[in-house]
Every structure is written in C-alpha cells, then in structure tokens.
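Below: the structure, in structure tokens.
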Amino acid sequence: MPRTGGVYSPPAGTKGVSGTTIQSVPYNALVDDLTADANAARPVTAGGTGSTTASGARTALGLAIGTNVQAYDALLQSIADLTTSANQMIYLTATDTAAVATITAYGRSLIDDADATTARGTLGLGTAATQNTGTSGATLPFLNGANTWSGQQTFTGGIKYTGSTGITNTVSGATTDVLSLSSSNSTVSTSGAWAQFYGSAHATTPGAMVITSGTGGNIDLRNAGSNKAHITVTGLDIPSGSQITFGNSTVIGNVLTNLGVSAYIQTLLNDADAGTARGTLGLGTAATQNTGTSGANVPLLNGTNTWSAMQTLPEITVDPTAGASGIRLRPSDTSSGRMFWESDSHTWSSYVQESTGDLLFSNGGTYGSASGTLQARITSSGGITINGDFLAGGSLTVGSGAVAGSATSPTINFGASVGIYRVSDAIRFTYSGSGVVDITATGIRLPTNMAISFAGTGAATTRTNLGLGGLAVMDVTGLFYTGSSVSNTVFPVGSIVFASLGGTRPDLNSTTTVRLSGTTGYSIEGAEAALSGTWRHRGGYTVSGDRFGIYQRVA
C-alpha cells in the first residue's frame, strides 16, 4: 500500500495470529505489497531520493544543476586547487587556468580608483605629471634640450655655467637683463681662468669684476683688492698710476692689433685722402654722386623720378601702393604716348586716343611712329571691339553685374547672328535676335518649345534624343550581386536574402547578423562568416515547422 508521509505500513489483515494457519491470500498480498514498495522510488523522508532518475533525484534533493548547484567548471576547479593566503589576488595564466599573485594594500587602493585623477592622487603625482615635454611654452624641458624660457627665472642657489659660448641676451629691449644678481653674495663663476663676477660684498676678492649698486652703475675691475679701471656711464676711467699694457708692451703701435682691429681697417685708417680711402673700401663711381629725381643724380626707389633718356630693361614689375598711378604715359603728340611690345618678328603697340578716350591696340608698325593695323579697341563707355577672330584664354567680365543687353542688342556680338547677354539669373545665348538657351547656377534652361537635337546616329541616336527608354540600357553594376561564389559575404545595399531563424523570432525591421549556413543558405544562428553591412528583418514564414526570415541589407 502507498507510504504515508514516507512511512511504510503493511496492508490490513496481513499479520499472523499465534496458533493459527497463515492464509495464502493475505500472505501473498503482503509479499506483493513489499515487492512493489521495494521497487518503487524511496522518498526522501525514508532516506531515498524520491526519483528513479539521476536528474529527478538531484531535483528532489534540491541539487538541480544550474538551479541549486554549479555544474562542474574547469576554471572553478583550477581556482579550487589554488593555495591562497592574505594579500594575494587570483589571475588567469591561460584559458581556465588560474594562479595567485601578491598584491599589497597599496596596490588594492590603486586598482579600485575610479578615474585617472584619483589614480594620480594615489600615486602621489604632482601637477607636472599631466604636462608634456618641449622646448618652449607651457611644457617641461629636458636638461639636454635647447630650451627657450619666456618667463624670468630666479635661482636662489646660484648658477654654475660650464659652457663655452657664453650667456647671450636674445630678448629685445634695452632694459632687459642678461643676468640679474639680486643678492650681495650672488656669484657667477667658471671653472677656467675666466673673470668671475661677484656681488659688492666681495670687493676685495682678487680678479673680480664688481658691479656696484646705487645710481652710478659702475663696473669696477680689480686685482688683489685694488681698483685698476672703472667702466662708468660716461666712459672708461683709468686710475692715476695705472696704464694700458698690451702683450707686456706699452708700444702704442700695437694698440689696434691688441684691440682686435684688423689689418684691413688699419690700412684704411692710414689712407692719406678720400680718394685713396674709397679705393681701399672698394667703392665705385656712384659713391660720389648725389641722389635726386632727375638729371645727373642717382634715384631713390621710393622717389617720383623723371628719366630723360630711354631705358632698356629685361623685365618690369609694377606693384603700386594704394592710390598710386602705376605706369603713366603722357603723350605730347599722336605717337609719343604709345607703348610698344617688340619681339624678333612682331611689334604691338597701344595708346589712348585723345579725341575719344578709347584704348587702341595695334600690331605691326614701327617703333616711335603712329603706323600699324588696329586690332582691338576698348571704348571709353566700356565696350570692346575686336577685329578678326577672338580667342579668350582667360576670363571676360562685362559690366558690373547689372542686367544689360537684349536678344536684339546683345552685350557681346559674334557676327550678325550670334550674341550673348545677361538676364536676371542666367547668361542667355541668342541667334538672329531670339534667345535659344540660358546657362543658370543650376544647369541649362531651354525656352518654351525649344528642343535638343544631336547630330549623328551614335548610341541609338543618343537614346532617341534623350527620350531614353529601357531604363537607358540599365547598368546593374553595383546594384545586384551577379557572382556565383557560395562563400560570398558582400552584397550591394538593397539586396534581399532568406535566412533560417532557428528557434528565434526577431521583431519586424530589427537589425540582425546574417551568416552563411554551409553552402546552401543563410542563418541568423551559428558561427559561420557574417554577411557585410547592416541587415534588417523584413518578415518571415514557416514551412513544415521550419521558420525563415526575409532580410534586406540597408547599409
């Protein structure tokens, strides 16, 4: 009979009575009941598992893998095999392989910092830690770099200079100090035999150059405590009894040489007259000329000069300042105002016609004469007349941009029939007094009922004179995939594929990764190569229990 609360009870009437015969029916019922109970799953309350399967037993015992207990994991096993102690941390040396390393309390305080600023504080870094190195500006210098300091530096511990090029002041301004000594004990010294600079408190130091304070601003040159010379604001003062000695000789003839004056300058100073001195200096005859603006004078480049003789120049560049005239030709007759351009075989000239104010251009003719053939004229009213053909290699600007001209009187005429003039938003081309085409900022505009015609019969008569048709002989390059590779993963934007959905049901128009599925199809599951680009789910269907989706590449 069934157990009650996990406790087995024999069927009623199966117990024997002393001195009586055991009945087979009750006895057999008891045996069958015991057999059934023995073969049934023993409940947990009776020390069993309550199940006939391992999975059911684990569930009955509260040991379901993934729900009550962790399944076996190689990484967890590796961690469990470790021997750990205080101030250690666990890290991975390979896949599912763990090890321990020592980490101090300080290390733990560093790795838990939330940002770089906090980490720099933990490291004890100062504000210089975030600066860049460089040679100037707001950067940190290298000791071996050629650095430019834009601010004044104050050294309270002194400076020892061991270079060979000296200290140079490159800062503009007459009042800028090369070296400022603010203390009476400030010292600038070298390791060689050069002069030492001390403050005034060292006035008795041998071999010292003392820069005294006060209003005098003198520099004292001393030896063994005695003044030998003073450099003052008015000059060099040699004390009584002192002398200037050069090379242990007092011969005045050696003074210039010992002062570094070259032999060339000594020769110049020894010249007897101005002519000889000019020869020593290598001056030419222009050295004795005066400057002026006309006549036998030498002109200044910034002067308004009058040249009375013809000048032959290989090239002239005129760059006048604002308000200046540039080149001005002032004719005294019909020929003298001409400007001529001559080559080996051609001569061109130009001049302003006095009677009309027009600028005329002629070719041929002779220099200095009014001969030649008129080829072009710029009128005083702004028009242009050109004889013969005109090829504009540059640009032509007509007027100041205002509407000008008409179909019957175009601004620019090409013969009797063709002309060009400007309308409000375009340039209009005319033929025989009628507008035929406008060129606008956005394209070409044809007047009403004006057709486009094409000469020749090429390309199906230019697609029936731009009436086109047949999608203008469609070029599907870049629109469809036309290959045959079973491993292709790159399709043009707009392409559509059908992919197996497996056990998923994506939302409509959602973005999904589409992958190859063997050599016969595509899937959104698995780990095969993904198709390039962005694919969106456009719908799906089910066939014989299999779900498929329609996917379109959108980017």
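Chain labels follow the order of the structure tokens: the first chain is A, the next B, and so on; residue numbering restarts at 1 in every chain, and ligands are counted from 1 in their shown order.
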I want to know what sits within 12 Å of Thr280 in chain A, based on only C-alpha atoms, with residues of the same chain fewer than 3 positions away left out; could you give that as JSON, numbers by chain? {"A": [263, 264, 265, 266, 267, 268, 269, 270, 271, 272, 273, 274, 275, 276, 277, 283, 284]}
Near range 83-95 of chain A, counting only C-alpha atoms, which residues have an atom at most 10 Å away, once you skip same-chain residues fewer than 6 positions from it, shown as number ranges by chain? A: 74-75, 101-105, 107-108
Do you have the CA of Glu342 in chain A-CA of Pro314 in chain A distance handy?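 Rounded to one decimal, the two atoms are 12.1 Å apart.
Atom pair CA of Trp307 in chain A / CA of Thr366 in chain A: separated by 22.6 Å.
Separating CA of Ser417 in chain A from CA of Ser432 in chain A is a distance of 4.5 Å.
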Find the residues around range 434-446 of chain A up to 8 Å (only C-alpha atoms counted), leave out those fewer than 5 positions away in its own chain, and share them as a short mmCIF file (atom, residue, chain, number, x, y, z; two decimals) with all heavy atoms, in the first residue's frame.
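Contents of the output file part20.cif:
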```
data_model
loop_
_atom_site.label_atom_id
_atom_site.label_comp_id
_atom_site.auth_asym_id
_atom_site.auth_seq_id
_atom_site.Cartn_x
_atom_site.Cartn_y
_atom_site.Cartn_z
N ALA A 407 17.99 90.41 -76.62
CA ALA A 407 18.18 89.46 -77.70
C ALA A 407 18.49 90.17 -79.01
O ALA A 407 19.28 89.70 -79.83
CB ALA A 407 16.93 88.60 -77.85
N THR A 408 17.86 91.34 -79.22
CA THR A 408 18.12 92.08 -80.46
C THR A 408 19.37 92.93 -80.39
O THR A 408 19.96 93.27 -81.41
CB THR A 408 16.90 92.95 -80.79
OG1 THR A 408 16.64 93.83 -79.67
CG2 THR A 408 15.67 92.09 -81.05
N ASP A 425 18.97 85.94 -63.89
CA ASP A 425 19.55 84.80 -63.17
C ASP A 425 20.39 83.91 -64.06
O ASP A 425 20.69 82.78 -63.69
CB ASP A 425 18.42 83.97 -62.55
CG ASP A 425 17.51 83.36 -63.61
OD1 ASP A 425 17.51 83.86 -64.75
OD2 ASP A 425 16.80 82.39 -63.28
N ALA A 426 20.74 84.38 -65.28
CA ALA A 426 21.45 83.49 -66.19
C ALA A 426 22.19 84.28 -67.26
O ALA A 426 22.02 85.51 -67.39
CB ALA A 426 20.47 82.51 -66.85
N ILE A 427 23.00 83.58 -68.01
CA ILE A 427 23.63 84.10 -69.22
C ILE A 427 22.84 83.53 -70.40
O ILE A 427 22.66 82.31 -70.51
CB ILE A 427 25.11 83.69 -69.32
CG1 ILE A 427 25.89 84.31 -68.17
CG2 ILE A 427 25.70 84.13 -70.66
CD1 ILE A 427 25.91 85.82 -68.18
N ARG A 428 22.35 84.42 -71.30
CA ARG A 428 21.50 83.98 -72.41
C ARG A 428 22.24 84.08 -73.73
O ARG A 428 22.88 85.10 -74.03
CB ARG A 428 20.23 84.82 -72.45
CG ARG A 428 19.28 84.49 -73.61
CD ARG A 428 17.90 85.02 -73.33
NE ARG A 428 17.29 84.36 -72.17
CZ ARG A 428 16.14 84.73 -71.62
NH1 ARG A 428 15.48 85.77 -72.11
NH2 ARG A 428 15.67 84.08 -70.57
N PHE A 429 22.16 83.01 -74.49
CA PHE A 429 22.73 82.96 -75.83
C PHE A 429 21.61 83.19 -76.84
O PHE A 429 20.50 82.63 -76.71
CB PHE A 429 23.40 81.61 -76.09
CG PHE A 429 24.65 81.39 -75.29
CD1 PHE A 429 24.58 81.01 -73.96
CD2 PHE A 429 25.89 81.59 -75.86
CE1 PHE A 429 25.72 80.83 -73.22
CE2 PHE A 429 27.05 81.40 -75.12
CZ PHE A 429 26.97 81.02 -73.80
N ALA A 451 13.75 72.46 -78.51
CA ALA A 451 14.14 71.05 -78.45
C ALA A 451 15.65 70.91 -78.46
O ALA A 451 16.38 71.81 -78.87
CB ALA A 451 13.53 70.28 -79.62
#
```
